[in-house]
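Let me begin by presenting the structure, written as C-alpha cells, before commenting on it.
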Amino acid sequence: MKTNFITGFAPLVAHYDSFIVDLWGTLHNGIEPLPGALDCLERLKVAGKSIALLSNAPFRTSVVIEVIDRIGVPRELYDCVLSSGEMAWRAVSDRTDPWHAALGCRAVFIGNDRHRSMLDNPHVEEVDGIADADFIMCTGPRQAADTIDDYLSELAVAAGRNLPMICANPDREVIRGEVREICAGAIAERYKSEFDGDVAWHGKPFAPVFEEVLRMLEEPPRSRVIMVGDGVHTDIAGAATAGLDAVLVCGGIHAAVLGIMPGDLPEVSNLEEFLGEHHLSPCYAVAQLQWD
C-alpha cells in the first residue's frame with residue numbers, strides 16, 4: 001500500500017466516521033496542545049465524527065482526563081478516553097487470564113511518584129524492595145533525566161528472582177516540550193532483551209487496547225475508523241494489527257529521524273525508507289494534526 005501525503009484532515013471526513021487519536025506527540029507535547037490540533041478536533045466534531053483519545057499514559061483513564069484538562073484540551077472535543085494504564089490496572093485487578101492470576105500481590109514500583117495511583121488496586125500491596133516483591137509495576141523512570149543504565153543493576157536482581165513485570169506504557173521514549181525522556185517501554189524492553197525478563201505489555205500496539213476502544217466507540221465498521229498517531233511502533237503498528245487505516249503524524253517523535261522540523265512534511269524518499277525499515281505502510285502521512 002502506498003502512503004499518501006495529505007496537508008490536513010479535511011479530505012478524510014468523507015471516508016471515516018470515527019477517529020482514534022493519540023495524545024502525546026499528536027495532540028499535545030506534554031505541556032500544551034500542539035498547533036492546529038484543537039481546531040482540527042473541533043472541525044471533526046462539527047462534521048459529526050466520533051473521537052476517541054487513546055494514550056499510552058501509565059495512569060488510569062480518569063487521571064488522563066484530568067491531565068489533558070490541565071493541558072487545555074476541552075472535554076467537548078472528544079467522546080471517550082482510554083489509556084494503557086487503565087488496561088494494566090484492570091488486568092491486575094480482574095486477573096482473568098493465567099499470567100495475571102499468578103502474579104501475587106506484592107509489587108515493587110519503578111516509576112515516577114505521579115504514577116503511583118497505579119498501585120491503588122485491591123490486589124496490590126506495595127513493597128520497598130525487589131527481595132520482597134512478587135512482581136514489578138513499571139510505569140517509567142523515577143526521574144525524567146534517568147537513563148536505562150540507572151536501572152540495570154535493579155533489573156539484574158529482579159531477573160535473578162524471575163520477577164514478572166507489568167509494563168504500563170509500551171512507549172520507548174517521549175518528547176516533553178523539546179526534551180527526550182525514556183518511558184516504561186524502554187525499561188521493559190531491556191529487561192526482556194538483556195535479562196530474559198517476563199513482561200506483560202499493556203497499551204498500543206497490542207490488540208486488547210484497540211478492541212476495547214472500538215467497543216467504547218460502539219463497534220463501528222473498521223473500514224470507517226482511522227488511527228491518528230506519531231509513533232510507528234505503537235500507533236501505526238497497532239492500527240495494522242487491529243485492521244484499521246492509519247495516519248502517521250510526521251512531526252512527532254520521529255521528526256528528527258525524518259529530517260524535519262515539527263510542522264513540515266519529510267521528503268517522500270525519506271519517509272518511504274523509514275517506513276520500509278519497519279515494514280509498515282499507513283494510508284496517510286501528515287505534518288501535524290491540523291485541518292488543512
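Order determines the names: the first chain of the C-alpha cells is A, the second B, and so forth; residues in each chain are numbered 1 upward, and ligands are numbered 1 upward as they are shown.
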
For the contact check between region 147-216 of chain A and region 68-86 of chain A, emit one row per residue of region 147-216 of chain A within 12 Å, containing the shortest atom pair and the distance in Å rounded to one decimal, counting only C-alpha atoms, chain then rising number order, as CSV.
residue,atom,partner,partner_atom,distance
A:Ile166,CA,A:Gly85,CA,10.1
A:Cys167,CA,A:Gly85,CA,8.8
A:Ala168,CA,A:Gly85,CA,5.1
A:Asn169,CA,A:Ser84,CA,5.9
A:Pro170,CA,A:Ser84,CA,8.1
A:Asp171,CA,A:Ser84,CA,10.0
A:Ala184,CA,A:Gly85,CA,11.1
A:Gly185,CA,A:Ser84,CA,11.4
A:Ala200,CA,A:Ser84,CA,11.7
A:Trp201,CA,A:Ser84,CA,8.8
A:His202,CA,A:Ser84,CA,5.4
A:Gly203,CA,A:Ser84,CA,4.1
A:Lys204,CA,A:Ser84,CA,7.2
A:Pro205,CA,A:Ser84,CA,10.0
A:Phe206,CA,A:Ser84,CA,9.8
A:Ala207,CA,A:Ser84,CA,11.6
A:Pro208,CA,A:Ser84,CA,10.0
A:Val209,CA,A:Ser84,CA,7.2
A:Phe210,CA,A:Leu82,CA,9.5
A:Glu211,CA,A:Leu82,CA,11.1
A:Glu212,CA,A:Leu82,CA,8.3
A:Val213,CA,A:Leu82,CA,6.6
A:Leu214,CA,A:Leu82,CA,10.4
A:Arg215,CA,A:Cys80,CA,10.8
A:Met216,CA,A:Cys80,CA,7.2

Quick one: everything within 10 Å of Ile51 (chain A), counting only C-alpha atoms, minus sequence neighbours fewer than 3 positions away in the same chain. Send it as a ChimeraX atom specification. /A:17-21,41,44-45,48,54,77-81,217,225

Would you output that residue set with N, CA, C and O atoms, as a short mmCIF file (atom, residue, chain, number, x, y, z; two decimals), in the first residue's frame?
data_model
loop_
_atom_site.label_atom_id
_atom_site.label_comp_id
_atom_site.auth_asym_id
_atom_site.auth_seq_id
_atom_site.Cartn_x
_atom_site.Cartn_y
_atom_site.Cartn_z
N ASP A 17 -15.82 7.74 9.90
CA ASP A 17 -16.79 8.22 10.88
C ASP A 17 -16.18 8.37 12.27
O ASP A 17 -16.68 9.15 13.08
N SER A 18 -15.14 7.60 12.56
CA SER A 18 -14.54 7.60 13.89
C SER A 18 -13.03 7.79 13.77
O SER A 18 -12.38 7.14 12.94
N PHE A 19 -12.49 8.66 14.62
CA PHE A 19 -11.07 8.96 14.63
C PHE A 19 -10.52 8.60 16.01
O PHE A 19 -10.99 9.12 17.03
N ILE A 20 -9.54 7.69 16.04
CA ILE A 20 -8.85 7.33 17.27
C ILE A 20 -7.55 8.12 17.29
O ILE A 20 -6.71 7.93 16.40
N VAL A 21 -7.39 8.99 18.27
CA VAL A 21 -6.30 9.97 18.24
C VAL A 21 -5.35 9.74 19.42
O VAL A 21 -5.77 9.72 20.58
N LEU A 41 -9.75 18.97 15.91
CA LEU A 41 -10.76 18.18 16.63
C LEU A 41 -12.12 18.87 16.59
O LEU A 41 -13.16 18.21 16.42
N LEU A 44 -13.71 18.30 13.26
CA LEU A 44 -14.18 16.93 13.14
C LEU A 44 -15.50 16.74 13.89
O LEU A 44 -16.41 16.06 13.41
N LYS A 45 -15.60 17.32 15.09
CA LYS A 45 -16.84 17.22 15.85
C LYS A 45 -17.98 17.92 15.14
O LYS A 45 -19.12 17.40 15.09
N GLY A 48 -19.62 15.90 12.71
CA GLY A 48 -20.37 14.76 13.23
C GLY A 48 -19.55 13.52 13.48
O GLY A 48 -20.11 12.42 13.60
N LEU A 54 -6.69 7.81 22.60
CA LEU A 54 -6.07 6.55 23.01
C LEU A 54 -4.60 6.82 23.35
O LEU A 54 -3.81 7.17 22.47
N LEU A 77 -14.45 18.15 22.97
CA LEU A 77 -13.79 17.82 21.70
C LEU A 77 -13.54 16.33 21.52
O LEU A 77 -12.98 15.93 20.51
N TYR A 78 -13.95 15.51 22.49
CA TYR A 78 -13.78 14.08 22.33
C TYR A 78 -14.92 13.33 23.00
O TYR A 78 -15.62 13.89 23.86
N ASP A 79 -15.11 12.08 22.60
CA ASP A 79 -16.21 11.26 23.10
C ASP A 79 -15.78 10.31 24.21
O ASP A 79 -16.56 10.00 25.11
N CYS A 80 -14.56 9.79 24.14
CA CYS A 80 -14.10 8.85 25.16
C CYS A 80 -12.58 8.84 25.19
O CYS A 80 -11.92 9.31 24.25
N VAL A 81 -12.05 8.31 26.29
CA VAL A 81 -10.61 8.24 26.50
C VAL A 81 -10.27 6.86 27.03
O VAL A 81 -11.01 6.30 27.86
N LEU A 217 -16.41 2.86 21.27
CA LEU A 217 -16.99 3.59 20.14
C LEU A 217 -18.23 2.90 19.59
O LEU A 217 -18.76 3.32 18.56
N VAL A 225 -13.08 3.57 10.43
CA VAL A 225 -12.33 4.04 11.59
C VAL A 225 -10.88 4.25 11.17
O VAL A 225 -10.31 3.44 10.43
#

Surrounding residues of Leu155 (chain A) excluding itself and chain neighbours under 2 positions, 9 Å, only C-alpha atoms, as number ranges by chain: A: 151-153, 157-160, 187, 190-191, 195, 197

Residues of the last selection are to be written out with all heavy atoms, as an mmCIF file, in the first residue's frame.
data_model
loop_
_atom_site.group_PDB
_atom_site.id
_atom_site.type_symbol
_atom_site.label_atom_id
_atom_site.label_comp_id
_atom_site.auth_asym_id
_atom_site.auth_seq_id
_atom_site.Cartn_x
_atom_site.Cartn_y
_atom_site.Cartn_z
ATOM 1 N N TYR A 151 18.970 1.615 35.741
ATOM 2 C CA TYR A 151 18.090 0.535 36.202
ATOM 3 C C TYR A 151 18.683 -0.863 36.003
ATOM 4 O O TYR A 151 18.070 -1.852 36.402
ATOM 5 C CB TYR A 151 16.731 0.645 35.486
ATOM 6 C CG TYR A 151 16.032 1.915 35.845
ATOM 7 C CD1 TYR A 151 16.227 3.065 35.091
ATOM 8 C CD2 TYR A 151 15.213 1.998 36.969
ATOM 9 C CE1 TYR A 151 15.623 4.263 35.448
ATOM 10 C CE2 TYR A 151 14.601 3.180 37.329
ATOM 11 C CZ TYR A 151 14.815 4.305 36.570
ATOM 12 O OH TYR A 151 14.220 5.501 36.935
ATOM 13 N N LEU A 152 19.859 -0.947 35.389
ATOM 14 C CA LEU A 152 20.380 -2.263 35.021
ATOM 15 C C LEU A 152 20.652 -3.148 36.231
ATOM 16 O O LEU A 152 20.336 -4.350 36.220
ATOM 17 C CB LEU A 152 21.644 -2.105 34.183
ATOM 18 C CG LEU A 152 21.440 -1.507 32.785
ATOM 19 C CD1 LEU A 152 22.760 -1.476 32.023
ATOM 20 C CD2 LEU A 152 20.386 -2.269 31.994
ATOM 21 N N SER A 153 21.251 -2.606 37.277
ATOM 22 C CA SER A 153 21.549 -3.447 38.444
ATOM 23 C C SER A 153 20.257 -3.925 39.093
ATOM 24 O O SER A 153 20.171 -5.093 39.532
ATOM 25 C CB SER A 153 22.394 -2.671 39.448
ATOM 26 O OG SER A 153 21.717 -1.514 39.912
ATOM 27 N N VAL A 157 18.905 -7.994 39.429
ATOM 28 C CA VAL A 157 18.442 -8.646 40.657
ATOM 29 C C VAL A 157 17.039 -9.208 40.460
ATOM 30 O O VAL A 157 16.726 -10.330 40.871
ATOM 31 C CB VAL A 157 18.480 -7.658 41.841
ATOM 32 C CG1 VAL A 157 17.868 -8.294 43.090
ATOM 33 C CG2 VAL A 157 19.904 -7.206 42.115
ATOM 34 N N ALA A 158 16.160 -8.420 39.808
ATOM 35 C CA ALA A 158 14.790 -8.884 39.558
ATOM 36 C C ALA A 158 14.788 -10.133 38.690
ATOM 37 O O ALA A 158 14.026 -11.082 38.938
ATOM 38 C CB ALA A 158 13.982 -7.768 38.890
ATOM 39 N N ALA A 159 15.646 -10.155 37.671
ATOM 40 C CA ALA A 159 15.718 -11.330 36.802
ATOM 41 C C ALA A 159 16.216 -12.545 37.569
ATOM 42 O O ALA A 159 15.776 -13.677 37.328
ATOM 43 C CB ALA A 159 16.637 -11.035 35.621
ATOM 44 N N GLY A 160 17.120 -12.307 38.512
ATOM 45 C CA GLY A 160 17.608 -13.409 39.328
ATOM 46 C C GLY A 160 16.518 -14.045 40.167
ATOM 47 O O GLY A 160 16.607 -15.232 40.515
ATOM 48 N N ILE A 187 12.508 0.518 29.512
ATOM 49 C CA ILE A 187 12.968 -0.287 30.648
ATOM 50 C C ILE A 187 12.531 -1.739 30.472
ATOM 51 O O ILE A 187 13.317 -2.675 30.666
ATOM 52 C CB ILE A 187 12.433 0.297 31.961
ATOM 53 C CG1 ILE A 187 12.961 1.732 32.158
ATOM 54 C CG2 ILE A 187 12.809 -0.583 33.145
ATOM 55 C CD1 ILE A 187 12.322 2.476 33.307
ATOM 56 N N ARG A 190 14.503 -3.611 27.761
ATOM 57 C CA ARG A 190 15.834 -4.010 28.212
ATOM 58 C C ARG A 190 15.739 -5.194 29.177
ATOM 59 O O ARG A 190 16.590 -6.096 29.152
ATOM 60 C CB ARG A 190 16.517 -2.823 28.892
ATOM 61 C CG ARG A 190 18.002 -3.004 29.141
ATOM 62 C CD ARG A 190 18.785 -3.095 27.815
ATOM 63 N NE ARG A 190 20.209 -3.040 28.052
ATOM 64 C CZ ARG A 190 20.927 -1.924 28.068
ATOM 65 N NH1 ARG A 190 20.331 -0.753 27.821
ATOM 66 N NH2 ARG A 190 22.213 -1.961 28.274
ATOM 67 N N TYR A 191 14.727 -5.196 30.028
ATOM 68 C CA TYR A 191 14.527 -6.318 30.955
ATOM 69 C C TYR A 191 14.321 -7.620 30.187
ATOM 70 O O TYR A 191 14.860 -8.670 30.554
ATOM 71 C CB TYR A 191 13.323 -6.026 31.846
ATOM 72 C CG TYR A 191 13.101 -7.016 32.976
ATOM 73 C CD1 TYR A 191 14.125 -7.360 33.844
ATOM 74 C CD2 TYR A 191 11.847 -7.593 33.181
ATOM 75 C CE1 TYR A 191 13.930 -8.260 34.884
ATOM 76 C CE2 TYR A 191 11.628 -8.478 34.223
ATOM 77 C CZ TYR A 191 12.669 -8.819 35.069
ATOM 78 O OH TYR A 191 12.462 -9.701 36.099
ATOM 79 N N PHE A 195 17.907 -9.560 30.013
ATOM 80 C CA PHE A 195 17.794 -10.430 31.182
ATOM 81 C C PHE A 195 16.755 -11.535 31.010
ATOM 82 O O PHE A 195 16.478 -12.272 31.946
ATOM 83 C CB PHE A 195 17.456 -9.597 32.417
ATOM 84 C CG PHE A 195 18.469 -8.541 32.732
ATOM 85 C CD1 PHE A 195 18.232 -7.215 32.397
ATOM 86 C CD2 PHE A 195 19.673 -8.876 33.327
ATOM 87 C CE1 PHE A 195 19.173 -6.230 32.681
ATOM 88 C CE2 PHE A 195 20.616 -7.899 33.624
ATOM 89 C CZ PHE A 195 20.367 -6.570 33.288
ATOM 90 N N GLY A 197 13.652 -11.235 30.888
ATOM 91 C CA GLY A 197 12.579 -10.977 31.835
ATOM 92 C C GLY A 197 11.212 -11.255 31.231
ATOM 93 O O GLY A 197 10.997 -11.128 30.024
#

Closest of A:His254, A:Lys2, A:His28, A:His123 to Cys105 (chain A), counting only C-alpha atoms, is A:His123

Shell of 10 Å around Ser93 (chain A), only C-alpha atoms, local chain residues under 4 positions omitted, as a ChimeraX atom specification: /A:87-89,100-101,120-124

Write a file of the just-selected residues containing N, CA and C atoms, as an mmCIF file, in the first residue's frame.
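Output below, filename again.cif:
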data_model
loop_
_atom_site.group_PDB
_atom_site.id
_atom_site.type_symbol
_atom_site.label_atom_id
_atom_site.label_comp_id
_atom_site.auth_asym_id
_atom_site.auth_seq_id
_atom_site.Cartn_x
_atom_site.Cartn_y
_atom_site.Cartn_z
ATOM 1 N N MET A 87 -5.725 -0.180 31.127
ATOM 2 C CA MET A 87 -5.694 -1.589 30.748
ATOM 3 C C MET A 87 -4.832 -2.391 31.717
ATOM 4 N N ALA A 88 -3.694 -1.827 32.133
ATOM 5 C CA ALA A 88 -2.826 -2.526 33.084
ATOM 6 C C ALA A 88 -3.516 -2.661 34.438
ATOM 7 N N TRP A 89 -4.151 -1.590 34.902
ATOM 8 C CA TRP A 89 -4.823 -1.616 36.199
ATOM 9 C C TRP A 89 -5.932 -2.674 36.213
ATOM 10 N N HIS A 100 -1.773 -13.117 34.710
ATOM 11 C CA HIS A 100 -2.028 -12.144 35.774
ATOM 12 C C HIS A 100 -2.534 -12.821 37.046
ATOM 13 N N ALA A 101 -3.250 -13.914 36.904
ATOM 14 C CA ALA A 101 -3.749 -14.623 38.084
ATOM 15 C C ALA A 101 -2.607 -15.158 38.936
ATOM 16 N N ASP A 120 -2.957 1.800 43.499
ATOM 17 C CA ASP A 120 -4.212 1.827 44.256
ATOM 18 C C ASP A 120 -5.166 0.796 43.666
ATOM 19 N N ASN A 121 -4.918 -0.450 44.030
ATOM 20 C CA ASN A 121 -5.583 -1.574 43.399
ATOM 21 C C ASN A 121 -5.863 -2.617 44.496
ATOM 22 N N PRO A 122 -7.052 -3.207 44.507
ATOM 23 C CA PRO A 122 -7.367 -4.150 45.594
ATOM 24 C C PRO A 122 -6.467 -5.367 45.660
ATOM 25 N N HIS A 123 -5.748 -5.654 44.574
ATOM 26 C CA HIS A 123 -4.882 -6.828 44.562
ATOM 27 C C HIS A 123 -3.402 -6.468 44.574
ATOM 28 N N VAL A 124 -3.080 -5.257 45.057
ATOM 29 C CA VAL A 124 -1.684 -4.827 45.065
ATOM 30 C C VAL A 124 -1.295 -4.310 46.449
#

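Omitting Asp113 (chain A) and its sequence neighbours fewer than 4 positions away, and counting only C-alpha atoms, the residues within 10 Å are Phe109, Ser117, Thr139, Pro141, Arg142 and Gln143 of chain A.
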
Written selection (N, CA and C atoms) as a JSON list (two decimals), in the first residue's frame:
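Output saved as out-v5.json:
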[["chain", "number", "residue", "atom", "x", "y", "z"],
["A", 109, "PHE", "N", 7.71, -0.92, 42.82],
["A", 109, "PHE", "CA", 7.31, 0.11, 41.86],
["A", 109, "PHE", "C", 8.54, 0.73, 41.21],
["A", 117, "SER", "N", -0.60, 6.20, 41.62],
["A", 117, "SER", "CA", -2.01, 5.77, 41.73],
["A", 117, "SER", "C", -2.24, 4.44, 41.04],
["A", 139, "THR", "N", 6.05, 1.92, 35.36],
["A", 139, "THR", "CA", 5.32, 2.98, 34.67],
["A", 139, "THR", "C", 6.25, 3.97, 33.97],
["A", 141, "PRO", "N", 10.58, 5.91, 34.14],
["A", 141, "PRO", "CA", 11.71, 6.23, 35.02],
["A", 141, "PRO", "C", 11.22, 6.96, 36.27],
["A", 142, "ARG", "N", 11.99, 6.84, 37.33],
["A", 142, "ARG", "CA", 11.64, 7.55, 38.57],
["A", 142, "ARG", "C", 11.87, 9.06, 38.43],
["A", 143, "GLN", "N", 12.90, 9.41, 37.68],
["A", 143, "GLN", "CA", 13.20, 10.82, 37.42],
["A", 143, "GLN", "C", 13.31, 11.03, 35.91]]

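Across A:Pro282, A:Gly177, A:Pro58, A:Pro35, the tightest approach to Gly238 (chain A) is made by A:Pro282 when counting only C-alpha atoms.
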
Find, counting only C-alpha atoms, the residue in A:Ala242, A:Ala14, A:Met137, A:Leu38 that gets nearest to Arg116 (chain A).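 For Arg116 (chain A), the nearest of the given residues is A:Met137.
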
What residues in region 12-193 of chain A get the DSSP label helix (DSSP H, G or I)? Please answer as number ranges by chain. A: 12, 37-46, 61-71, 75-77, 84-94, 98-101, 113-119, 130-132, 148-160, 184-193

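Residue neighbourhood of region 226-229 of chain A, excluding near-sequence residues (fewer than 6 positions): Tyr16, Asp17, Ser18, Phe19, Ile20, Val21, Asp22, Leu23, Trp24, Gly25, Thr26, Leu27, Asp235, Ile236, Gly238, Ala239, Leu244, Asp245, Ala246, Val247, Leu248, Val249, Cys250, Gly252 and Leu289 of chain A, at 9 Å, using only C-alpha atoms.
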
Could you write out the selected residues, including N, CA, C and O atoms, as an mmCIF file, in the first residue's frame?
data_model
loop_
_atom_site.group_PDB
_atom_site.id
_atom_site.type_symbol
_atom_site.label_atom_id
_atom_site.label_comp_id
_atom_site.auth_asym_id
_atom_site.auth_seq_id
_atom_site.Cartn_x
_atom_site.Cartn_y
_atom_site.Cartn_z
ATOM 1 N N TYR A 16 -14.290 8.506 6.761
ATOM 2 C CA TYR A 16 -14.232 7.912 8.099
ATOM 3 C C TYR A 16 -15.253 8.563 9.032
ATOM 4 O O TYR A 16 -15.501 9.768 8.951
ATOM 5 N N ASP A 17 -15.822 7.741 9.896
ATOM 6 C CA ASP A 17 -16.790 8.219 10.878
ATOM 7 C C ASP A 17 -16.182 8.371 12.274
ATOM 8 O O ASP A 17 -16.684 9.153 13.081
ATOM 9 N N SER A 18 -15.142 7.602 12.557
ATOM 10 C CA SER A 18 -14.538 7.603 13.886
ATOM 11 C C SER A 18 -13.029 7.787 13.768
ATOM 12 O O SER A 18 -12.381 7.138 12.937
ATOM 13 N N PHE A 19 -12.495 8.657 14.622
ATOM 14 C CA PHE A 19 -11.074 8.961 14.632
ATOM 15 C C PHE A 19 -10.519 8.602 16.012
ATOM 16 O O PHE A 19 -10.989 9.123 17.029
ATOM 17 N N ILE A 20 -9.543 7.692 16.040
ATOM 18 C CA ILE A 20 -8.854 7.333 17.275
ATOM 19 C C ILE A 20 -7.547 8.117 17.289
ATOM 20 O O ILE A 20 -6.706 7.935 16.404
ATOM 21 N N VAL A 21 -7.389 8.991 18.266
ATOM 22 C CA VAL A 21 -6.303 9.968 18.241
ATOM 23 C C VAL A 21 -5.351 9.742 19.417
ATOM 24 O O VAL A 21 -5.770 9.717 20.579
ATOM 25 N N ASP A 22 -4.089 9.592 19.096
ATOM 26 C CA ASP A 22 -3.023 9.528 20.103
ATOM 27 C C ASP A 22 -2.929 10.886 20.809
ATOM 28 O O ASP A 22 -3.326 11.920 20.263
ATOM 29 N N LEU A 23 -2.366 10.884 22.003
ATOM 30 C CA LEU A 23 -2.229 12.130 22.756
ATOM 31 C C LEU A 23 -0.834 12.747 22.588
ATOM 32 O O LEU A 23 -0.645 13.672 21.820
ATOM 33 N N TRP A 24 0.153 12.213 23.321
ATOM 34 C CA TRP A 24 1.469 12.850 23.368
ATOM 35 C C TRP A 24 2.168 12.735 22.018
ATOM 36 O O TRP A 24 2.348 11.659 21.474
ATOM 37 N N GLY A 25 2.545 13.890 21.447
ATOM 38 C CA GLY A 25 3.216 13.939 20.159
ATOM 39 C C GLY A 25 2.264 14.141 19.004
ATOM 40 O O GLY A 25 2.693 14.473 17.893
ATOM 41 N N THR A 26 0.972 13.946 19.270
ATOM 42 C CA THR A 26 -0.048 14.129 18.237
ATOM 43 C C THR A 26 -0.985 15.278 18.601
ATOM 44 O O THR A 26 -1.174 16.215 17.823
ATOM 45 N N LEU A 27 -1.540 15.212 19.809
ATOM 46 C CA LEU A 27 -2.466 16.246 20.283
ATOM 47 C C LEU A 27 -1.774 17.279 21.169
ATOM 48 O O LEU A 27 -2.113 18.461 21.144
ATOM 49 N N ASP A 235 1.295 3.406 17.446
ATOM 50 C CA ASP A 235 0.071 3.828 16.770
ATOM 51 C C ASP A 235 -0.118 3.129 15.418
ATOM 52 O O ASP A 235 -1.182 2.569 15.142
ATOM 53 N N ILE A 236 0.898 3.168 14.595
ATOM 54 C CA ILE A 236 0.775 2.645 13.233
ATOM 55 C C ILE A 236 0.795 1.117 13.236
ATOM 56 O O ILE A 236 -0.038 0.466 12.577
ATOM 57 N N GLY A 238 -0.023 -0.785 15.750
ATOM 58 C CA GLY A 238 -1.251 -1.222 16.413
ATOM 59 C C GLY A 238 -2.452 -1.158 15.507
ATOM 60 O O GLY A 238 -3.303 -2.053 15.515
ATOM 61 N N ALA A 239 -2.542 -0.096 14.709
ATOM 62 C CA ALA A 239 -3.643 0.018 13.754
ATOM 63 C C ALA A 239 -3.618 -1.129 12.756
ATOM 64 O O ALA A 239 -4.660 -1.709 12.426
ATOM 65 N N LEU A 244 -7.101 -1.506 11.020
ATOM 66 C CA LEU A 244 -7.568 -0.138 10.839
ATOM 67 C C LEU A 244 -6.626 0.636 9.926
ATOM 68 O O LEU A 244 -5.418 0.408 9.923
ATOM 69 N N ASP A 245 -7.186 1.578 9.177
ATOM 70 C CA ASP A 245 -6.359 2.534 8.450
ATOM 71 C C ASP A 245 -5.674 3.450 9.458
ATOM 72 O O ASP A 245 -6.099 3.561 10.614
ATOM 73 N N ALA A 246 -4.598 4.124 9.003
ATOM 74 C CA ALA A 246 -3.845 4.969 9.918
ATOM 75 C C ALA A 246 -3.283 6.190 9.212
ATOM 76 O O ALA A 246 -3.013 6.170 8.005
ATOM 77 N N VAL A 247 -3.096 7.245 10.011
ATOM 78 C CA VAL A 247 -2.403 8.463 9.582
ATOM 79 C C VAL A 247 -1.166 8.615 10.451
ATOM 80 O O VAL A 247 -1.277 8.666 11.684
ATOM 81 N N LEU A 248 0.012 8.713 9.839
ATOM 82 C CA LEU A 248 1.230 8.992 10.575
ATOM 83 C C LEU A 248 1.425 10.499 10.659
ATOM 84 O O LEU A 248 1.505 11.192 9.640
ATOM 85 N N VAL A 249 1.500 11.008 11.889
ATOM 86 C CA VAL A 249 1.811 12.416 12.125
ATOM 87 C C VAL A 249 3.326 12.540 12.161
ATOM 88 O O VAL A 249 3.973 12.130 13.130
ATOM 89 N N CYS A 250 3.890 13.096 11.098
ATOM 90 C CA CYS A 250 5.342 13.041 10.901
ATOM 91 C C CYS A 250 6.107 13.975 11.841
ATOM 92 O O CYS A 250 7.292 13.754 12.108
ATOM 93 N N GLY A 252 5.988 14.408 14.992
ATOM 94 C CA GLY A 252 6.073 13.996 16.382
ATOM 95 C C GLY A 252 7.399 13.349 16.725
ATOM 96 O O GLY A 252 8.475 13.878 16.427
ATOM 97 N N LEU A 289 -1.441 17.310 13.344
ATOM 98 C CA LEU A 289 -2.884 17.218 13.462
ATOM 99 C C LEU A 289 -3.461 18.595 13.180
ATOM 100 O O LEU A 289 -3.513 19.462 14.063
#

Expressed in Å to a single decimal, how great is the separation between CA of Asp230 (chain A) and CA of Gln288 (chain A)? 8.7 Å

State, in Å with one decimal place, the distance from CA of Ile110 (chain A) to CA of Cys138 (chain A).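 According to the coordinates, CA of Ile110 (chain A) and CA of Cys138 (chain A) are separated by 4.7 Å.
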
Residue among A:Thr241, A:Arg106, A:Thr7, A:His15 lying closest to Arg224 (chain A), counting only C-alpha atoms: A:His15

Restricting the calculation to only C-alpha atoms, which member of A:Met118, A:Val199, A:Cys283, A:Ile182 is positioned closest to Arg60 (chain A)?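 Closest to Arg60 (chain A), using only C-alpha atoms: A:Met118.
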
Counting only C-alpha atoms, what is within 9 Å of Ala107 (chain A), bar same-chain residues fewer than 4 positions away, as a list in words?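 My reading of the contact set: Leu119, Val124, Glu125, Glu126, Val127, Asp128, Gly129, Ile130, Asp132, Ala133, Asp134, Phe135, Ile136 and Met137 of chain A.
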